[in-house]
Each structure stands twice: as C-alpha cells, then as structure tokens.
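Student: Next up, coords_8.txt (compact mmCIF, C-alpha atoms and all ligand atoms).
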# COMPACT_ATOMS: atom_id res chain seq x y z
CA MET M 217 95.99 -143.49 19.18
CA HIS M 218 97.76 -144.62 16.04
CA PRO M 219 100.65 -142.18 15.32
CA ASP M 220 99.50 -141.69 11.70
CA LEU M 221 96.09 -140.75 13.01
CA GLU M 222 97.69 -138.12 15.23
CA HIS M 223 99.44 -136.63 12.19
CA LEU M 224 96.18 -136.73 10.26
CA MET M 225 94.44 -134.86 13.08
CA VAL M 226 97.09 -132.13 12.97
CA ALA M 227 96.86 -131.89 9.15
CA ASP M 228 93.07 -131.75 9.46
CA ARG M 229 93.35 -128.84 11.87
CA TYR M 230 95.62 -126.94 9.46
CA ASP M 231 93.29 -127.63 6.58
CA ARG M 232 90.29 -126.37 8.52
CA GLN M 233 92.27 -123.22 9.35
CA ILE M 234 93.14 -122.81 5.67
CA ARG M 235 89.50 -123.23 4.64
CA ASP M 236 88.51 -120.68 7.26
CA LEU M 237 91.11 -118.22 5.93
CA ARG M 238 89.84 -118.70 2.37
CA LYS M 239 86.28 -118.08 3.54
CA LYS M 240 87.37 -114.90 5.33
CA LYS M 241 89.19 -113.71 2.23
CA ALA M 242 86.12 -114.38 0.06
CA THR M 243 83.95 -112.50 2.57
CA GLN M 244 86.38 -109.58 2.57
CA LEU M 245 86.42 -109.42 -1.24
CA ASP M 246 82.64 -109.64 -1.25
CA ILE M 247 82.29 -106.76 1.23
CA LEU M 248 84.50 -104.58 -0.96
CA ALA M 249 82.66 -105.56 -4.15
CA LYS M 250 79.32 -104.75 -2.52
CA ALA M 251 80.62 -101.41 -1.25
CA GLU M 252 81.82 -100.58 -4.77
CA ALA M 253 78.48 -101.58 -6.30
CA ARG M 254 76.58 -99.56 -3.71
CA ASP M 255 78.76 -96.50 -4.33
CA GLN M 256 78.33 -96.86 -8.08
CA ALA M 257 74.53 -97.22 -7.82
CA ALA M 258 74.26 -94.23 -5.46
CA ARG M 259 76.31 -92.04 -7.82
CA GLU M 260 74.26 -93.13 -10.82
CA ARG M 261 71.00 -92.39 -9.01
CA LEU M 262 72.23 -88.94 -8.02
CA ALA M 263 73.42 -88.22 -11.57
CA GLY M 264 70.04 -89.37 -12.92
CA LEU M 265 68.19 -87.00 -10.58
CA VAL M 266 70.47 -84.09 -11.46
CA ALA M 267 69.78 -84.74 -15.16
CA SER M 268 66.01 -84.88 -14.51
CA ILE M 269 66.19 -81.61 -12.58
CA ASP M 270 68.12 -79.94 -15.42
CA ALA M 271 65.58 -81.20 -17.98
CA ASN M 272 62.70 -80.02 -15.81
CA LYS M 273 64.23 -76.53 -15.44
CA ALA M 274 64.93 -76.30 -19.18
CA ARG M 275 61.31 -77.21 -19.92
CA GLN M 276 60.12 -74.61 -17.40
CA ARG M 277 62.20 -71.90 -19.13
CA GLU M 278 60.72 -72.94 -22.46
CA LEU M 279 57.18 -72.86 -21.06
CA ASN M 280 57.79 -69.43 -19.53
CA ARG M 281 58.95 -68.10 -22.89
CA GLU M 282 55.83 -69.51 -24.57
CA VAL M 283 53.60 -68.02 -21.86
CA GLU M 284 55.24 -64.62 -22.41
CA SER M 285 54.72 -64.81 -26.16
CA TYR M 286 51.04 -65.78 -25.76
CA GLU M 287 50.54 -63.03 -23.20
CA ALA M 288 51.91 -60.52 -25.75
CA ARG M 289 49.35 -61.80 -28.29
CA ARG M 290 46.62 -61.43 -25.68
CA ARG M 291 47.67 -57.83 -25.00
CA SER M 292 47.62 -56.97 -28.70
CA ALA M 293 44.17 -58.56 -29.20
CA THR M 294 42.91 -56.71 -26.11
CA ARG M 295 44.29 -53.42 -27.47
CA ILE M 296 42.45 -53.96 -30.78
CA LEU M 297 39.19 -54.45 -28.92
CA GLU M 298 39.77 -51.47 -26.56
CA ASN M 299 40.76 -49.10 -29.36
CA GLY M 300 37.98 -50.26 -31.68
CA THR M 301 40.44 -50.44 -34.55
CA GLY M 302 41.10 -53.55 -36.68
CA ASP M 303 39.20 -56.80 -37.00
CA ALA M 304 37.24 -57.12 -33.73
CA ALA M 305 35.88 -60.60 -34.56
CA ALA M 306 39.37 -61.91 -35.36
CA ALA M 307 40.64 -60.33 -32.11
CA GLU M 308 37.88 -62.12 -30.14
CA ARG M 309 38.81 -65.46 -31.75
CA GLN M 310 42.46 -64.78 -30.99
CA LEU M 311 41.66 -64.05 -27.33
CA ALA M 312 39.71 -67.30 -27.00
CA SER M 313 42.42 -69.45 -28.57
CA VAL M 314 45.20 -67.66 -26.61
CA ALA M 315 43.30 -68.29 -23.37
CA GLU M 316 43.09 -71.98 -24.20
CA VAL M 317 46.79 -72.29 -25.01
CA LEU M 318 47.79 -70.30 -21.91
CA ASP M 319 45.65 -72.56 -19.78
CA THR M 320 47.42 -75.64 -21.16
CA LEU M 321 50.86 -74.03 -20.76
CA GLU M 322 50.18 -72.91 -17.21
CA THR M 323 48.87 -76.34 -16.26
CA GLU M 324 52.06 -77.96 -17.52
CA LEU M 325 54.15 -75.29 -15.81
CA LEU M 326 52.46 -76.01 -12.48
CA GLU M 327 53.01 -79.74 -12.96
CA LYS M 328 56.69 -79.12 -13.69
CA MET M 329 57.05 -76.94 -10.60
CA GLU M 330 55.49 -79.62 -8.41
CA ALA M 331 57.64 -82.32 -10.01
CA LEU M 332 60.74 -80.17 -9.45
CA GLU M 333 60.00 -79.88 -5.75
CA GLU M 334 59.74 -83.67 -5.56
CA LEU M 335 62.95 -84.11 -7.57
CA GLU M 336 64.86 -81.63 -5.39
CA SER M 337 63.87 -83.51 -2.26
CA GLU M 338 64.86 -86.84 -3.84
CA ARG M 339 68.17 -85.32 -4.85
CA THR M 340 68.88 -84.19 -1.28
CA GLN M 341 68.27 -87.74 -0.09
CA ALA M 342 70.28 -89.25 -2.96
CA ALA M 343 73.20 -86.89 -2.26
CA ALA M 344 73.21 -87.99 1.40
CA ASP M 345 73.07 -91.66 0.34
CA ALA M 346 75.90 -91.15 -2.15
CA ALA M 347 78.02 -89.47 0.54
CA ASP M 348 77.36 -92.38 2.93
CA ALA M 349 78.19 -94.96 0.25
CA ALA M 350 81.39 -93.11 -0.70
CA ALA M 351 82.50 -92.85 2.93
CA PHE M 352 81.76 -96.55 3.53
CA LEU M 353 83.71 -97.51 0.41
CA GLU M 354 86.66 -95.33 1.43
CA ALA M 355 86.76 -96.93 4.88
CA GLU M 356 86.54 -100.42 3.39
CA LYS M 357 89.28 -99.66 0.87
CA ALA M 358 91.50 -98.24 3.59
CA GLY M 359 91.26 -101.45 5.64
CA HIS M 360 91.06 -103.92 2.76
CA ASP M 361 94.70 -104.44 1.79
CA GLY M 362 95.72 -104.80 5.43
CA LYS M 363 93.04 -107.41 6.06
CA ILE M 364 93.97 -109.39 2.95
CA ALA M 365 97.67 -109.18 3.84
CA ALA M 366 96.97 -110.42 7.38
CA LEU M 367 95.00 -113.39 6.03
CA LYS M 368 97.77 -114.15 3.56
CA ALA M 369 100.41 -113.98 6.30
CA LYS M 370 98.47 -116.53 8.36
CA PHE M 371 98.11 -118.72 5.30
CA THR M 372 101.81 -118.49 4.54
CA ALA M 373 102.62 -119.43 8.14
CA ILE M 374 100.33 -122.48 8.13
CA LEU M 375 101.39 -123.90 4.77
CA PRO M 376 104.91 -125.16 5.70
CA GLU M 377 103.55 -126.55 8.99
CA ARG M 378 100.95 -128.46 7.04
CA GLU M 379 103.56 -129.75 4.58
CA ALA M 380 105.85 -130.84 7.41
CA THR M 381 103.01 -132.74 9.04
CA LEU M 382 101.96 -134.46 5.82
CA ALA M 383 105.59 -135.39 5.12
CA LEU M 384 105.40 -137.69 8.16
CA LEU M 385 102.82 -139.87 6.40
CA ASP M 386 103.49 -142.55 3.83
CA LYS M 387 102.46 -141.97 0.22
CA THR M 388 99.35 -144.17 0.30
CA ILE M 389 97.89 -142.45 3.33
CA LEU M 390 98.92 -139.06 2.04
CA GLY M 391 97.24 -139.69 -1.32
CA ARG M 392 94.09 -140.85 0.41
CA TYR M 393 94.15 -137.83 2.69
CA GLU M 394 94.33 -135.41 -0.26
CA THR M 395 91.58 -137.29 -2.13
CA LEU M 396 89.23 -137.26 0.86
CA LEU M 397 90.03 -133.61 1.50
CA SER M 398 89.14 -132.57 -2.03
CA ARG M 399 86.09 -134.86 -2.38
CA ARG M 400 84.60 -134.63 1.09
CA GLY M 401 86.09 -131.45 2.54
CA ARG M 402 87.61 -133.39 5.44
CA ALA M 403 89.57 -136.65 5.67
CA ILE M 404 88.80 -137.49 9.27
CA ALA M 405 85.61 -137.64 11.31
CA GLU M 406 84.66 -137.91 14.94
CA ILE M 407 82.39 -140.53 16.44
CA VAL M 408 79.38 -138.76 17.91
CA ASP M 409 76.80 -140.81 19.79
CA GLY M 410 78.17 -143.95 18.17
CA SER M 411 77.95 -142.60 14.60
CA CYS M 412 80.39 -141.10 12.10
CA SER M 413 80.14 -137.27 12.28
CA GLY M 414 80.78 -137.10 8.53
CA CYS M 415 78.04 -139.40 7.22
CA GLN M 416 76.06 -140.51 10.30
CA ARG M 417 76.80 -144.20 9.66
CA VAL M 418 76.69 -146.18 12.95
CA VAL M 419 80.14 -147.43 13.94
CA ARG M 420 80.28 -150.99 15.24
CA GLN M 421 81.41 -151.50 18.81
CA GLN M 422 84.23 -153.74 17.58
CA ASN M 423 85.62 -150.92 15.39
CA ILE M 424 85.44 -148.49 18.29
CA ALA M 425 87.36 -150.98 20.42
CA ASP M 426 89.97 -151.30 17.62
CA LEU M 427 90.38 -147.55 17.51
CA GLN M 428 90.84 -147.46 21.26
CA ARG M 429 93.51 -150.13 20.93
CA GLY M 430 95.46 -147.80 18.62
CA LEU M 431 94.41 -149.20 15.24
CA MET M 432 93.29 -147.08 12.31
CA TYR M 433 89.83 -147.50 10.94
CA ALA M 434 88.06 -145.73 8.08
CA CYS M 435 84.29 -145.25 8.12
CA ASP M 436 82.43 -147.84 5.98
CA GLY M 437 80.07 -145.10 4.82
CA CYS M 438 82.29 -142.19 3.76
CA GLY M 439 85.84 -143.53 3.99
CA ARG M 440 86.99 -140.86 6.45
CA TRP M 441 89.39 -142.01 9.17
CA LEU M 442 87.55 -142.13 12.43
CA LEU M 443 89.01 -140.73 15.62
CA PRO M 444 88.63 -142.86 18.74
CA PRO M 445 85.91 -141.42 20.99
CA ASP M 446 87.11 -139.30 23.86
CA PRO M 447 87.51 -141.65 26.84
CA GLY M 448 86.39 -138.84 29.16
ZN ZN Q 1 81.41 -141.72 7.63
Once more with this new file: its structure as structure tokens, please.
Ligand SMILES: [Zn+2]

Tutor:
Amino acid sequence: MHPDLEHLMVADRYDRQIRDLRKKKATQLDILAKAEARDQAARERLAGLVASIDANKARQRELNREVESYEARRRSATRILENGTGDAAAAERQLASVAEVLDTLETELLEKMEALEELESERTQAAADAADAAAFLEAEKAGHDGKIAALKAKFTAILPEREATLALLDKTILGRYETLLSRRGRAIAEIVDGSCSGCQRVVRQQNIADLQRGLMYACDGCGRWLLPPDPG
C-alpha cells in the first residue's frame, strides 16, 4: 500500500472516532434536554391540577353558602305558611322559586364534587409522574458532567494523534483530505464487491491492480481515495 494511503487510513480512523464522540455528546445533551423538558411539563401539569382543585373547592364553598342562604329563605317562607301570618301567596311563590334555585345549586354542587374526585385522582397520578421525572432528571444531571468530561478527554487525546498523522502528508493531499472530509464525511472508501463503498461506482480492474501495486487512486465518482481490496 502507498505510504500516504496508510497515513490517510489512520487519519480516517481518528476522524471517525471524533465524529462518533460528537454524536455521543449530542445524544447526551439531548437526553438531558429531554429530561429537563419532561420534568418541566410534569411540574406544570401538577401545578395546573392543584390550581383546578383549589378553584373547584372555592366554588363548592360558594355554592354551599348560597344553598344555606336559600335554605334560610325556605324556612322563613315555611314558617309564614305554618303560622298563618303574613302574605301566604307571596310565601308560596317564594317557596317555588327557592326550590328551583336550590335544585340548580345542588346540581352544580354535585357536578363539582364529582369533578373534584376526578381531579384528585389525576393529581395523585400527576404527582407520581412529577416525582419520577424529577428523579430521572436528578440522575441524569448527576452523571452528565462526568459523561461529557469523559468524551472530551477522549477527544483531547485523539486530536494531537490526528494532527501528527496529517503532518506526515504533503499540503496538496492534506488539503484534499480536509475538503473531502467536510464535503463527503469521509476522504477514503473501501472497494466492496468491485464498487466504491462511498458512491457505488464500479472500479475498473486496472485501477484495482494499480492499487495492489502500491499506487494511489481516487474514485472517479466521488473523489475519495480507494483502499486496495483485502487480498484475503
Ligand atoms: Zn466513489
């Protein structure tokens, strides 16, 4: 194999490791961001339910006060009718209208009580979810910095090795390597079943023979340097 090609293979391996480290870092940041979003959403849902429960209870207190006041009116109208004093017809009308209002109030009160039961059960679930989300976030946070630092340490170890390898190449090849790396993700390709692994272009037998003789050859399709096929 051409010595430059051997250096390019080593550089390619470092660059794949670097890309892998960047991917891992992005994944790690994503996991933390998702854990934070989940925690936030769970807390907001719980707070929303607590607010709904408070509003429901406040409305129930209000309804109970109204029921009490209408029941007092009913008692006074009933007294008028029982004692035979005062305006009996007005007392009858009052009883009828009070009964109607009480019916409406009691219906709403029952609805509120049913809704409260539902809300309480949702809150129990939401509180459990919020606790889970908080615990997950805490665990992720605890491990996060260490994971990022470990990835960074690997990156820092690879970088000078990569530089030292690239320093062995002449400027033209180096420039081409960096261009291919940034445009195509990789600067070299394997020959798989007679074709370039980067772009699938068929490689002529003559070019394969040249590679095996130790020459360098770039794919006609994508420009990546091709590695001679494994003789084995
Ligand atoms: Zn190609």

Student: Under the rule of at most 9 Å, produce a per-residue listing of chain M near ligand ZN 1 (chain Q): chain, number, name, the closest pair of atoms, and the distance in Å, as a tab-separated table, using all atoms listed in the file.

Tutor:
residue	atom	partner	partner_atom	distance
M:Ile404	CA	Q:ZN1	ZN	8.7
M:Ala405	CA	Q:ZN1	ZN	6.9
M:Glu406	CA	Q:ZN1	ZN	8.9
M:Ile407	CA	Q:ZN1	ZN	8.9
M:Ser411	CA	Q:ZN1	ZN	7.8
M:Cys412	CA	Q:ZN1	ZN	4.6
M:Ser413	CA	Q:ZN1	ZN	6.6
M:Gly414	CA	Q:ZN1	ZN	4.7
M:Cys415	CA	Q:ZN1	ZN	4.1
M:Gln416	CA	Q:ZN1	ZN	6.1
M:Arg417	CA	Q:ZN1	ZN	5.6
M:Val418	CA	Q:ZN1	ZN	8.4
M:Val419	CA	Q:ZN1	ZN	8.6
M:Ala434	CA	Q:ZN1	ZN	7.8
M:Cys435	CA	Q:ZN1	ZN	4.6
M:Asp436	CA	Q:ZN1	ZN	6.4
M:Gly437	CA	Q:ZN1	ZN	4.6
M:Cys438	CA	Q:ZN1	ZN	4.0
M:Gly439	CA	Q:ZN1	ZN	6.0
M:Arg440	CA	Q:ZN1	ZN	5.8
M:Trp441	CA	Q:ZN1	ZN	8.1
M:Leu442	CA	Q:ZN1	ZN	7.8

Student: For a test of reading the model, state the distance in Å between atom CA of Arg291 of chain M and atom CA of Arg277 of chain M, rounded to one decimal.

Tutor: 21.1 Å

Student: Starting from 5 Å padding per side, set up an axis-aligned box that covers all listed atoms of segment 411-424 of chain M and hand over centre and edge lengths in Å, one decimal, as lines of an AutoDock Vina configuration file.

Tutor:
center_x = 80.8
center_y = -145.4
center_z = 13.0
size_x = 19.6
size_y = 26.6
size_z = 21.6

Student: Can you tell me, as a list in words, what residues are no more than 12 Å from Glu330 of chain M when counting all atoms listed in the file, ignoring any on the same chain fewer than 4 positions away?

Tutor: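 So the residues in contact are Ile269, Asn272, Lys273, Gln276, Thr323, Glu324, Leu325, Leu326, Glu334, Leu335, Glu336 and Ser337 of chain M.
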
Student: For the residues in the current selection, export C-alpha atoms as a CSV table (one decimal), keeping the file's coordinate frame.

Tutor:
chain,number,residue,atom,x,y,z
M,269,ILE,CA,66.2,-81.6,-12.6
M,272,ASN,CA,62.7,-80.0,-15.8
M,273,LYS,CA,64.2,-76.5,-15.4
M,276,GLN,CA,60.1,-74.6,-17.4
M,323,THR,CA,48.9,-76.3,-16.3
M,324,GLU,CA,52.1,-78.0,-17.5
M,325,LEU,CA,54.2,-75.3,-15.8
M,326,LEU,CA,52.5,-76.0,-12.5
M,334,GLU,CA,59.7,-83.7,-5.6
M,335,LEU,CA,63.0,-84.1,-7.6
M,336,GLU,CA,64.9,-81.6,-5.4
M,337,SER,CA,63.9,-83.5,-2.3

Student: Could you check which of M:Ile374, M:Leu265, M:Leu353, M:Val314 is closest to Glu252 of chain M, using only C-alpha atoms?

Tutor: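 Looking at the shortest contact to Glu252 of chain M, the residue is M:Leu353.
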
Student: Between M:Ala349, M:Ala293, M:Ala307, M:Met217, which is the closest to Ala251 of chain M once you count all atoms listed in the file?

Tutor: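 So, comparing all the options, the nearest one is M:Ala349.
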
Student: Which protein, DNA or RNA residues have an atom at most 7 Å from (77.4, -93.1, -3.5), counting only C-alpha atoms? List them as a ChimeraX atom specification.

Tutor: /M:254-259,345-350

Student: Between atom CA of Thr372 of chain M and atom CA of Leu221 of chain M, what is the distance in Å, rounded to a tenth?

Tutor: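 Calculated distance between atom CA of Thr372 of chain M and atom CA of Leu221 of chain M is 24.5 Å.
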
Student: Nearest residue to Asp446 of chain M out of M:Leu382, M:Met432, M:Ala369, M:Ile424, using all atoms listed in the file?

Tutor: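 Among the listed residues, M:Ile424 lies closest to Asp446 of chain M.
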
Student: In Å, rounded to a single decimal, give me how far atom CA of Ile247 of chain M is from atom CA of Ile234 of chain M.

Tutor: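 Atom-to-atom, atom CA of Ile234 of chain M and atom CA of Ile247 of chain M are spaced 19.9 Å apart.
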
Student: Could you tell me which of M:Asp319, M:Glu333, M:Asp228, M:Glu327 comes closest to Glu377 of chain M if we count all atoms listed in the file?

Tutor: M:Asp228

Student: Tell me which protein, DNA and RNA residues are within 10 Å of Thr294 of chain M, counting only C-alpha atoms, leaving out same-chain ones fewer than 6 positions away, and put them as JSON, numbers by chain.

Tutor: {"M": [288, 300, 304, 307, 308, 310, 311]}

Student: Identify which of the residues M:His360, M:Val317, M:Met329, M:Ala373 lies closest to Ser285 of chain M, counting all atoms listed in the file when measuring atom-to-atom distances.

Tutor: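 Looking at the shortest contact to Ser285 of chain M, the residue is M:Val317.
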
Student: Taking into account all atoms listed in the file, which residue in the set M:Ser313, M:Lys241, M:Arg229, M:Ala267 is nearest to Gly362 of chain M?

Tutor: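 The shortest atom-to-atom distance to Gly362 of chain M comes from M:Lys241.
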
Student: Would you pick out the contacts of Glu316 of chain M at 12 Å or less, using all atoms listed in the file, so that residues sharing its chain but fewer than 6 positions from it are not included, and give the list as a list in words?

Tutor: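 Contacts, with the query itself left out: Val283, Tyr286, Glu287, Arg290, Arg309, Gln310, Glu322 and Thr323 of chain M.
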
Student: Restore N, CA and C atoms in segment 423-441 of chain M and list the result as a PDB file, in the frame of the given file.

Tutor:
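Written file, part-v8.pdb:
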ATOM      1  N   ASN M 423      84.744-151.906  16.034  1.00  0.00           N
ATOM      2  CA  ASN M 423      85.620-150.920  15.390  1.00  0.00           C
ATOM      3  C   ASN M 423      86.029-149.834  16.383  1.00  0.00           C
ATOM      4  N   ILE M 424      85.108-149.483  17.260  1.00  0.00           N
ATOM      5  CA  ILE M 424      85.440-148.490  18.290  1.00  0.00           C
ATOM      6  C   ILE M 424      86.531-149.063  19.214  1.00  0.00           C
ATOM      7  N   ALA M 425      86.356-150.331  19.559  1.00  0.00           N
ATOM      8  CA  ALA M 425      87.360-150.980  20.420  1.00  0.00           C
ATOM      9  C   ALA M 425      88.716-151.023  19.720  1.00  0.00           C
ATOM     10  N   ASP M 426      88.719-151.296  18.400  1.00  0.00           N
ATOM     11  CA  ASP M 426      89.970-151.300  17.620  1.00  0.00           C
ATOM     12  C   ASP M 426      90.641-149.937  17.659  1.00  0.00           C
ATOM     13  N   LEU M 427      89.845-148.918  17.473  1.00  0.00           N
ATOM     14  CA  LEU M 427      90.380-147.550  17.510  1.00  0.00           C
ATOM     15  C   LEU M 427      91.009-147.267  18.862  1.00  0.00           C
ATOM     16  N   GLN M 428      90.328-147.722  19.907  1.00  0.00           N
ATOM     17  CA  GLN M 428      90.840-147.460  21.260  1.00  0.00           C
ATOM     18  C   GLN M 428      92.113-148.251  21.534  1.00  0.00           C
ATOM     19  N   ARG M 429      92.285-149.344  20.774  1.00  0.00           N
ATOM     20  CA  ARG M 429      93.510-150.130  20.930  1.00  0.00           C
ATOM     21  C   ARG M 429      94.660-149.535  20.119  1.00  0.00           C
ATOM     22  N   GLY M 430      94.384-148.435  19.394  1.00  0.00           N
ATOM     23  CA  GLY M 430      95.460-147.800  18.620  1.00  0.00           C
ATOM     24  C   GLY M 430      95.510-148.219  17.170  1.00  0.00           C
ATOM     25  N   LEU M 431      94.453-148.866  16.669  1.00  0.00           N
ATOM     26  CA  LEU M 431      94.410-149.200  15.240  1.00  0.00           C
ATOM     27  C   LEU M 431      93.778-148.042  14.475  1.00  0.00           C
ATOM     28  N   MET M 432      93.959-148.083  13.141  1.00  0.00           N
ATOM     29  CA  MET M 432      93.290-147.080  12.310  1.00  0.00           C
ATOM     30  C   MET M 432      92.089-147.726  11.670  1.00  0.00           C
ATOM     31  N   TYR M 433      91.037-146.951  11.543  1.00  0.00           N
ATOM     32  CA  TYR M 433      89.830-147.500  10.940  1.00  0.00           C
ATOM     33  C   TYR M 433      89.104-146.408  10.175  1.00  0.00           C
ATOM     34  N   ALA M 434      88.781-146.705   8.909  1.00  0.00           N
ATOM     35  CA  ALA M 434      88.060-145.730   8.080  1.00  0.00           C
ATOM     36  C   ALA M 434      86.584-146.081   8.061  1.00  0.00           C
ATOM     37  N   CYS M 435      85.749-145.060   8.104  1.00  0.00           N
ATOM     38  CA  CYS M 435      84.290-145.250   8.120  1.00  0.00           C
ATOM     39  C   CYS M 435      83.844-146.046   6.890  1.00  0.00           C
ATOM     40  N   ASP M 436      82.948-147.034   7.093  1.00  0.00           N
ATOM     41  CA  ASP M 436      82.430-147.840   5.980  1.00  0.00           C
ATOM     42  C   ASP M 436      81.559-146.992   5.061  1.00  0.00           C
ATOM     43  N   GLY M 437      80.987-145.920   5.614  1.00  0.00           N
ATOM     44  CA  GLY M 437      80.070-145.100   4.820  1.00  0.00           C
ATOM     45  C   GLY M 437      80.789-144.105   3.918  1.00  0.00           C
ATOM     46  N   CYS M 438      81.710-143.310   4.517  1.00  0.00           N
ATOM     47  CA  CYS M 438      82.290-142.190   3.760  1.00  0.00           C
ATOM     48  C   CYS M 438      83.795-142.344   3.548  1.00  0.00           C
ATOM     49  N   GLY M 439      84.405-143.299   4.198  1.00  0.00           N
ATOM     50  CA  GLY M 439      85.840-143.530   3.990  1.00  0.00           C
ATOM     51  C   GLY M 439      86.738-142.630   4.819  1.00  0.00           C
ATOM     52  N   ARG M 440      86.144-141.720   5.613  1.00  0.00           N
ATOM     53  CA  ARG M 440      86.990-140.860   6.450  1.00  0.00           C
ATOM     54  C   ARG M 440      87.561-141.686   7.603  1.00  0.00           C
ATOM     55  N   TRP M 441      88.811-141.357   7.987  1.00  0.00           N
ATOM     56  CA  TRP M 441      89.390-142.010   9.170  1.00  0.00           C
ATOM     57  C   TRP M 441      88.640-141.541  10.397  1.00  0.00           C
TER      58      TRP M 441
END
